[in-house]
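> entry_18.cif (mmCIF, C-alpha atoms) pasted underneath:
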data_data
loop_
_atom_site.label_atom_id
_atom_site.label_comp_id
_atom_site.auth_asym_id
_atom_site.auth_seq_id
_atom_site.Cartn_x
_atom_site.Cartn_y
_atom_site.Cartn_z
CA MET A 24 -13.22 -6.68 -19.46
CA ARG A 25 -11.59 -10.11 -19.19
CA VAL A 26 -9.44 -10.58 -16.09
CA ASP A 27 -6.13 -12.37 -16.73
CA LEU A 28 -6.12 -14.43 -13.57
CA GLU A 29 -2.79 -16.12 -14.33
CA LYS A 30 -0.98 -12.78 -14.40
CA TYR A 31 -2.70 -11.68 -11.18
CA ARG A 32 -1.70 -14.97 -9.57
CA GLU A 33 1.91 -14.50 -10.65
CA ALA A 34 1.97 -10.92 -9.34
CA GLY A 35 0.45 -12.17 -6.08
CA ARG A 36 3.03 -14.93 -5.71
CA ILE A 37 5.87 -12.45 -6.18
CA ASN A 38 4.26 -9.98 -3.78
CA ALA A 39 3.88 -12.62 -1.06
CA GLU A 40 7.47 -13.80 -1.40
CA ALA A 41 8.84 -10.24 -1.41
CA ARG A 42 6.97 -9.53 1.84
CA ARG A 43 8.14 -12.81 3.39
CA GLN A 44 11.78 -12.03 2.63
CA ALA A 45 11.44 -8.45 3.86
CA LEU A 46 9.76 -9.50 7.10
CA GLU A 47 12.61 -11.93 7.80
CA SER A 48 15.15 -9.12 7.36
CA LEU A 49 13.62 -6.82 9.98
CA ALA A 50 15.75 -6.30 13.08
CA PRO A 51 16.92 -3.45 15.30
CA GLY A 52 19.60 -1.43 13.54
CA VAL A 53 18.56 -2.39 10.00
CA ARG A 54 18.02 0.62 7.73
CA TYR A 55 14.54 1.19 6.33
CA VAL A 56 15.91 1.97 2.87
CA ASP A 57 17.91 -1.26 2.66
CA VAL A 58 14.75 -3.32 3.23
CA LEU A 59 12.87 -1.41 0.53
CA ASP A 60 15.72 -1.61 -1.97
CA ALA A 61 16.05 -5.37 -1.46
CA ALA A 62 12.31 -5.91 -1.91
CA GLU A 63 12.18 -3.89 -5.10
CA ALA A 64 15.24 -5.69 -6.48
CA TYR A 65 13.61 -9.07 -5.79
CA ILE A 66 10.37 -8.04 -7.50
CA ARG A 67 12.25 -7.00 -10.64
CA SER A 68 14.42 -10.12 -10.56
CA GLN A 69 11.21 -12.13 -10.99
CA GLY A 70 10.33 -10.34 -14.22
CA ALA A 71 7.67 -8.16 -12.61
CA GLU A 72 7.57 -4.40 -11.99
CA LEU A 73 6.48 -2.11 -9.18
CA ALA A 74 2.85 -1.08 -9.08
CA PHE A 75 3.98 1.51 -6.54
CA PRO A 76 7.23 2.06 -4.61
CA ALA A 77 7.78 -0.30 -1.70
CA GLN A 78 6.67 1.44 1.49
CA VAL A 79 7.50 1.06 5.17
CA SER A 80 5.37 2.76 7.83
CA VAL A 81 6.32 2.46 11.49
CA ASN A 82 4.31 2.81 14.73
CA GLU A 83 1.83 5.71 14.45
CA VAL A 84 2.47 6.06 10.70
CA ALA A 85 -0.24 4.02 9.01
CA ALA A 86 0.72 4.26 5.34
CA HIS A 87 2.55 6.00 2.49
CA ASP A 88 5.95 6.33 4.19
CA CYS A 89 8.91 5.72 1.94
CA CYS A 90 12.64 6.55 1.86
CA ASP A 91 14.92 8.87 -0.04
CA LEU A 92 18.40 7.79 -1.14
CA ASP A 93 20.18 8.64 2.09
CA ASP A 94 17.41 7.96 4.60
CA PRO A 95 19.22 7.38 7.93
CA ARG A 96 16.32 5.75 9.80
CA VAL A 97 16.82 2.33 11.36
CA PHE A 98 14.39 -0.01 13.06
CA GLU A 99 14.31 -0.07 16.86
CA ASP A 100 13.15 -2.54 19.47
CA GLY A 101 9.40 -2.17 20.02
CA ASP A 102 8.62 -0.90 16.51
CA VAL A 103 5.39 -1.93 14.79
CA ILE A 104 6.37 -2.10 11.11
CA LYS A 105 3.99 -2.11 8.14
CA LEU A 106 5.37 -3.28 4.78
CA ASP A 107 3.16 -2.45 1.79
CA PHE A 108 4.29 -3.69 -1.64
CA GLY A 109 2.70 -3.38 -5.06
CA VAL A 110 3.65 -5.71 -7.92
CA HIS A 111 2.39 -5.81 -11.48
CA VAL A 112 2.76 -8.25 -14.34
CA ASP A 113 1.74 -6.51 -17.57
CA GLY A 114 -0.49 -4.16 -15.58
CA CYS A 115 -2.12 -6.89 -13.47
CA ILE A 116 -1.55 -5.62 -9.93
CA ALA A 117 -1.13 -7.41 -6.63
CA ASP A 118 -1.20 -5.12 -3.59
CA GLY A 119 -0.30 -6.73 -0.27
CA ALA A 120 0.75 -5.61 3.18
CA SER A 121 1.94 -7.23 6.41
CA THR A 122 2.84 -5.99 9.88
CA HIS A 123 5.69 -7.18 12.09
CA GLU A 124 6.70 -6.06 15.56
CA LEU A 125 10.18 -6.02 17.00
CA GLY A 126 9.36 -7.29 20.46
CA ASN A 127 6.33 -8.86 22.09
CA ARG A 128 4.24 -5.88 23.15
CA HIS A 129 1.62 -5.49 20.43
CA GLY A 130 0.70 -8.99 19.34
CA ASP A 131 -3.01 -8.46 20.05
CA LEU A 132 -3.02 -5.34 17.86
CA LEU A 133 -1.56 -7.29 14.95
CA GLU A 134 -4.08 -10.06 15.48
CA ALA A 135 -6.95 -7.54 15.42
CA SER A 136 -5.99 -6.48 11.90
CA ARG A 137 -5.21 -10.02 10.75
CA HIS A 138 -8.47 -11.46 12.10
CA ALA A 139 -10.49 -8.59 10.65
CA LEU A 140 -9.00 -9.28 7.23
CA GLU A 141 -9.89 -12.95 7.40
CA ALA A 142 -13.42 -12.13 8.59
CA ALA A 143 -13.81 -9.81 5.62
CA ILE A 144 -12.44 -12.34 3.11
CA ALA A 145 -14.91 -14.95 4.37
CA LEU A 146 -17.78 -12.68 3.33
CA VAL A 147 -16.55 -11.90 -0.19
CA ARG A 148 -18.88 -13.10 -2.93
CA PRO A 149 -20.97 -11.57 -5.72
CA ASN A 150 -23.81 -9.30 -4.55
CA ARG A 151 -22.40 -9.04 -1.03
CA LYS A 152 -23.08 -5.64 0.47
CA ILE A 153 -19.83 -3.80 1.11
CA ARG A 154 -21.40 -2.46 4.28
CA ASP A 155 -21.49 -6.04 5.64
CA ILE A 156 -17.75 -6.43 5.04
CA ALA A 157 -16.98 -3.10 6.71
CA ALA A 158 -19.16 -4.05 9.69
CA ALA A 159 -17.28 -7.33 10.08
CA ILE A 160 -13.95 -5.49 10.09
CA GLN A 161 -15.15 -3.03 12.71
CA SER A 162 -16.78 -5.60 14.99
CA THR A 163 -13.80 -7.96 14.85
CA MET A 164 -11.42 -5.21 15.91
CA ARG A 165 -13.66 -3.89 18.65
CA GLU A 166 -14.11 -7.36 20.10
CA LEU A 167 -10.34 -7.30 20.64
CA ASP A 168 -10.49 -3.77 22.11
CA TYR A 169 -8.97 -1.94 19.14
CA GLN A 170 -10.32 0.68 16.77
CA PRO A 171 -10.45 0.55 12.97
CA VAL A 172 -8.99 3.53 11.12
CA ALA A 173 -12.16 5.11 9.75
CA ASN A 174 -10.64 7.20 6.96
CA LEU A 175 -8.57 4.50 5.28
CA THR A 176 -10.19 2.00 2.94
CA GLY A 177 -9.62 -1.00 0.77
CA HIS A 178 -10.23 -0.52 -2.92
CA GLY A 179 -10.68 -1.98 -6.35
CA ILE A 180 -7.81 -2.40 -8.78
CA ALA A 181 -7.75 -2.40 -12.58
CA PRO A 182 -5.05 -2.70 -15.25
CA TYR A 183 -2.29 -0.21 -14.41
CA THR A 184 -4.64 1.38 -11.84
CA ILE A 185 -3.88 0.86 -8.16
CA HIS A 186 -7.02 2.52 -6.76
CA CYS A 187 -10.51 2.46 -8.27
CA SER A 188 -14.03 1.65 -7.13
CA PRO A 189 -15.32 0.07 -5.04
CA ALA A 190 -14.05 1.55 -1.80
CA ILE A 191 -14.11 -1.00 1.03
CA PRO A 192 -14.00 0.93 4.32
CA ASN A 193 -13.06 -0.31 7.79
CA VAL A 194 -16.32 1.04 9.23
CA PRO A 195 -19.88 0.60 7.92
CA GLU A 196 -21.19 4.14 8.46
CA GLY A 197 -21.98 5.79 5.13
CA THR A 198 -20.99 2.69 3.16
CA SER A 199 -23.02 1.47 0.18
CA GLY A 200 -22.63 -0.66 -2.92
CA VAL A 201 -22.18 -4.37 -3.56
CA LEU A 202 -19.42 -6.60 -4.86
CA LYS A 203 -19.77 -7.92 -8.39
CA GLU A 204 -18.43 -11.11 -9.86
CA GLY A 205 -15.18 -10.50 -11.74
CA MET A 206 -13.97 -7.61 -9.58
CA MET A 207 -10.38 -7.45 -8.41
CA ILE A 208 -10.33 -5.91 -4.93
CA CYS A 209 -7.95 -5.21 -2.06
CA ILE A 210 -9.11 -5.37 1.55
CA GLU A 211 -6.81 -3.76 4.12
CA PRO A 212 -8.06 -3.40 7.70
CA PHE A 213 -6.04 -0.91 9.75
CA ALA A 214 -6.25 -1.48 13.52
CA THR A 215 -5.08 1.22 15.91
CA THR A 216 -4.51 1.92 19.58
CA GLY A 217 -5.43 5.55 18.84
CA ARG A 218 -8.56 7.42 17.89
CA GLY A 219 -9.03 5.79 14.48
CA TYR A 220 -8.30 8.72 12.21
CA VAL A 221 -5.15 9.56 10.21
CA GLU A 222 -3.85 12.84 8.84
CA GLU A 223 -1.22 13.74 6.27
CA LYS A 224 2.02 14.64 8.02
CA GLY A 225 5.61 14.99 6.82
CA ARG A 226 7.38 15.21 3.48
CA ALA A 227 6.00 13.19 0.59
CA GLU A 228 8.40 10.65 -0.90
CA VAL A 229 5.76 9.01 -3.10
CA PHE A 230 4.09 10.83 -5.98
CA GLY A 231 1.45 10.37 -8.63
CA ALA A 232 1.28 11.95 -12.08
CA ARG A 233 -1.63 13.17 -14.14
CA ARG A 234 -2.45 10.72 -16.91
CA LYS A 235 -1.97 13.48 -19.48
CA LEU A 236 1.29 14.87 -18.16
CA LYS A 237 2.00 18.42 -19.34
CA PRO A 238 5.33 19.42 -17.77
CA PRO A 239 7.06 22.78 -18.10
CA LYS A 240 9.45 22.70 -21.05
CA HIS A 241 12.56 23.17 -18.92
CA VAL A 242 11.96 20.08 -16.72
CA ASP A 243 14.55 17.38 -17.35
CA SER A 244 13.35 15.12 -20.17
CA GLY A 245 14.85 12.01 -18.58
CA VAL A 246 12.81 12.58 -15.43
CA ILE A 247 9.67 13.01 -17.52
CA ASP A 248 10.36 9.84 -19.49
CA GLN A 249 10.84 7.86 -16.28
CA ILE A 250 7.59 9.16 -14.79
CA MET A 251 5.65 8.48 -17.98
CA ALA A 252 7.03 4.93 -18.14
CA ARG A 253 5.11 4.26 -14.91
CA ARG A 254 1.86 4.60 -16.95
CA GLY A 255 0.10 6.61 -14.27
CA MET A 256 1.22 4.43 -11.35
CA PRO A 257 2.98 6.04 -8.36
CA PHE A 258 6.71 6.67 -8.25
CA CYS A 259 9.13 7.88 -5.58
CA ARG A 260 11.85 10.46 -5.12
CA ARG A 261 14.48 7.75 -4.49
CA GLU A 262 14.08 6.08 -7.88
CA LEU A 263 14.38 9.40 -9.73
CA ALA A 264 17.40 10.50 -7.69
CA ARG A 265 19.19 7.20 -8.29
CA GLU A 266 18.82 7.68 -12.04
CA HIS A 267 19.18 11.43 -12.46
CA GLY A 268 20.88 12.74 -9.31
CA VAL A 269 19.46 14.54 -6.32
CA GLU A 270 19.68 18.09 -7.68
CA THR A 271 17.96 17.32 -10.99
CA THR A 272 15.30 15.32 -9.19
CA GLU A 273 14.55 18.04 -6.64
CA ASN A 274 14.38 20.76 -9.27
CA SER A 275 12.13 18.66 -11.49
CA LEU A 276 9.75 17.67 -8.69
CA ARG A 277 9.52 21.27 -7.49
CA ASP A 278 8.49 22.50 -10.92
CA LEU A 279 6.13 19.60 -11.61
CA LEU A 280 4.41 20.10 -8.26
CA ARG A 281 4.15 23.83 -8.85
CA VAL A 282 2.13 23.39 -12.06
CA GLY A 283 0.09 20.48 -10.71
CA ALA A 284 1.50 17.92 -13.14
CA VAL A 285 2.32 15.63 -10.22
CA PHE A 286 1.01 15.39 -6.66
CA GLY A 287 2.41 13.98 -3.46
CA TYR A 288 1.24 11.23 -1.10
CA PRO A 289 2.51 12.37 2.33
CA PRO A 290 2.71 9.84 5.16
CA LEU A 291 -0.64 9.14 6.85
CA VAL A 292 -0.24 9.40 10.60
CA GLU A 293 -2.46 8.52 13.57
CA HIS A 294 -2.82 11.35 16.07
CA GLY A 295 -0.85 11.21 19.32
CA PRO A 296 1.06 8.28 20.80
CA ALA A 297 -0.38 5.31 18.94
CA PHE A 298 0.43 2.12 17.09
CA VAL A 299 -1.21 1.00 13.85
CA ALA A 300 -1.23 -2.48 12.28
CA GLN A 301 -2.26 -3.39 8.74
CA PHE A 302 -2.71 -6.58 6.78
CA GLU A 303 -3.86 -6.54 3.17
CA HIS A 304 -4.65 -9.02 0.42
CA THR A 305 -5.62 -8.71 -3.22
CA MET A 306 -8.41 -11.03 -4.35
CA PHE A 307 -10.70 -11.93 -7.23
CA VAL A 308 -14.43 -11.96 -6.59
CA GLY A 309 -15.32 -15.34 -8.03
CA PRO A 310 -18.73 -16.98 -8.29
CA GLU A 311 -18.20 -18.93 -5.04
CA GLY A 312 -16.18 -16.34 -3.10
CA ALA A 313 -12.71 -14.85 -2.90
CA GLU A 314 -9.61 -16.15 -4.63
CA VAL A 315 -6.81 -14.54 -2.65
CA MET A 316 -3.73 -13.77 -4.75
CA THR A 317 -1.25 -12.53 -2.15
CA ARG A 318 -1.04 -15.24 0.54
#
Step by step, read the file and then write its structure as structure tokens.


Amino acid sequence: MRVDLEKYREAGRINAEARRQALESLAPGVRYVDVLDAAEAYIRSQGAELAFPAQVSVNEVAAHDCCDLDDPRVFEDGDVIKLDFGVHVDGCIADGASTHELGNRHGDLLEASRHALEAAIALVRPNRKIRDIAAAIQSTMRELDYQPVANLTGHGIAPYTIHCSPAIPNVPEGTSGVLKEGMMICIEPFATTGRGYVEEKGRAEVFGARRKLKPPKHVDSGVIDQIMARRGMPFCRRELAREHGVETTENSLRDLLRVGAVFGYPPLVEHGPAFVAQFEHTMFVGPEGAEVMTR
């Protein structure tokens, strides 16, 4: 399949600028939901769409946290904040993440993730063993006295598909496969002060739908149309509630979850008191190495 690099580059440019603007807006007292709403509005203002809802995960929460309409949470001094945005241009996806701290207590943790990502990117080329990339991520973090999160991985992307093969883990154990020229991949090293393992915890705000969606007949048709318009890409409670109201959204999600037509992505949380940092880039595996789209 031909890769439309110009559309991936445009999605990457928009993703990088959305993250830059969002990072500049972070401060104690700012509401999580306001940062996400502003980022999503910017992405759409550029003629692109969301590959997944903008997500904000703080401190021990590694990924998949999002906000409902009336989320009261605000950032506090000392927070370690992960922003993970997905942008697509005609199905060509750019997935990028950055971490920011409010304070000066965890700079080395952020650098462990950032340096691991750059070490991994430097190895990207056709026929490279994925195990070598995972080993570089792990060794870079451990040299700085942090642990990689073992059960989170980078991934391939494809048109309108945010996760596909190959998986690109943060640790080499059990890892196989090689990169191939022409792949679009995302590498996302998670560094932690904890044990290096996350679990699902809390209410899901982000959801996925089965490609062949078969909803109960009584589920609101407007909700179904909005989910189907995502073409299999994730959606969130907030976007449905804004369009259809909270009651209709909750009733529809309850019934769709009950029959397995949709499924949730709960927040992924490190065990115990811990802080997690994440940096992520989308890249093309070219003949000479990586072309990074999301810088």

> What's the 10 Å shell around Pro76 (chain A), counting only C-alpha atoms, without same-chain residues fewer than 2 positions away, as a ChimeraX atom specification?

/A:59-60,62-63,72-74,78-79,87-90,107-110,228-230,256-262

> Looking at A:Phe213, A:Phe298, A:Tyr65, A:Phe75, which one is nearest to Arg43 (chain A), with distances taken over all atoms listed in the file?

A:Tyr65

> Once the PyMOL selection byres ((chain A and resi 167) around 10) is applied to the coordinates I shared, what remains selected? I want it as a list in words.

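With the PyMOL selection byres ((chain A and resi 167) around 10) on this model, the match is Asp131, Leu132, Glu134, Ala135, Ser136, His138, Ser162, Thr163, Met164, Arg165, Glu166, Asp168, Tyr169 and Gln170 of chain A.
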
> How would you write, as a list of chain:residue names, the residues chosen by the PyMOL selection byres ((chain A and resi 143-156) around 7) on this structure?

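With the PyMOL selection byres ((chain A and resi 143-156) around 7) on this model, the match is A:Ala139, A:Leu140, A:Glu141, A:Ala142, A:Ala157, A:Ala158, A:Ala159, A:Ile160, A:Ile191, A:Pro195, A:Thr198, A:Ser199, A:Gly200, A:Val201, A:Leu202, A:Lys203, A:Glu204, A:Val308, A:Gly309, A:Pro310, A:Glu311, A:Gly312, A:Ala313.
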
> At what distance in Å, to one decimal, does CA of Met306 (chain A) lie from CA of Ile185 (chain A)?

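Between CA of Ile185 (chain A) and CA of Met306 (chain A) the gap works out to 13.3 Å.
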
> Find, counting all atoms listed in the file, the residue in A:Gly287, A:Ala45, A:Val282, A:Ala117 that gets nearest to Arg32 (chain A).

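Comparing A:Gly287, A:Ala45, A:Val282, A:Ala117 against Arg32 (chain A), the winner is A:Ala117.
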
> I'd like the neighbourhood of region 122-125 of chain A as a ChimeraX atom specification, where a residue qualifies if any of its atoms comes within 8 Å (using only C-alpha atoms), though same-chain residues fewer than 5 positions away should be ignored.

/A:46,49-51,99-106,130,133,300-302

> So that I can look at just that part, could you write region 49-65 of chain A with C-alpha atoms, as an mmCIF file, in the first residue's frame?


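That gives us result.cif:
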data_model
loop_
_atom_site.group_PDB
_atom_site.id
_atom_site.type_symbol
_atom_site.label_atom_id
_atom_site.label_comp_id
_atom_site.auth_asym_id
_atom_site.auth_seq_id
_atom_site.Cartn_x
_atom_site.Cartn_y
_atom_site.Cartn_z
ATOM 1 C CA LEU A 49 -0.282 24.271 31.594
ATOM 2 C CA ALA A 50 -0.247 25.960 34.991
ATOM 3 C CA PRO A 51 -1.577 25.352 38.496
ATOM 4 C CA GLY A 52 -5.312 25.985 38.609
ATOM 5 C CA VAL A 53 -5.932 25.371 34.902
ATOM 6 C CA ARG A 54 -8.683 22.824 34.238
ATOM 7 C CA TYR A 55 -7.756 19.610 32.454
ATOM 8 C CA VAL A 56 -10.819 19.801 30.217
ATOM 9 C CA ASP A 57 -10.047 23.330 29.032
ATOM 10 C CA VAL A 58 -6.628 22.222 27.766
ATOM 11 C CA LEU A 59 -8.139 19.262 25.900
ATOM 12 C CA ASP A 60 -10.951 21.325 24.388
ATOM 13 C CA ALA A 61 -8.507 23.966 23.158
ATOM 14 C CA ALA A 62 -6.224 21.347 21.595
ATOM 15 C CA GLU A 63 -9.075 19.630 19.791
ATOM 16 C CA ALA A 64 -10.414 22.966 18.538
ATOM 17 C CA TYR A 65 -6.984 23.870 17.152
#
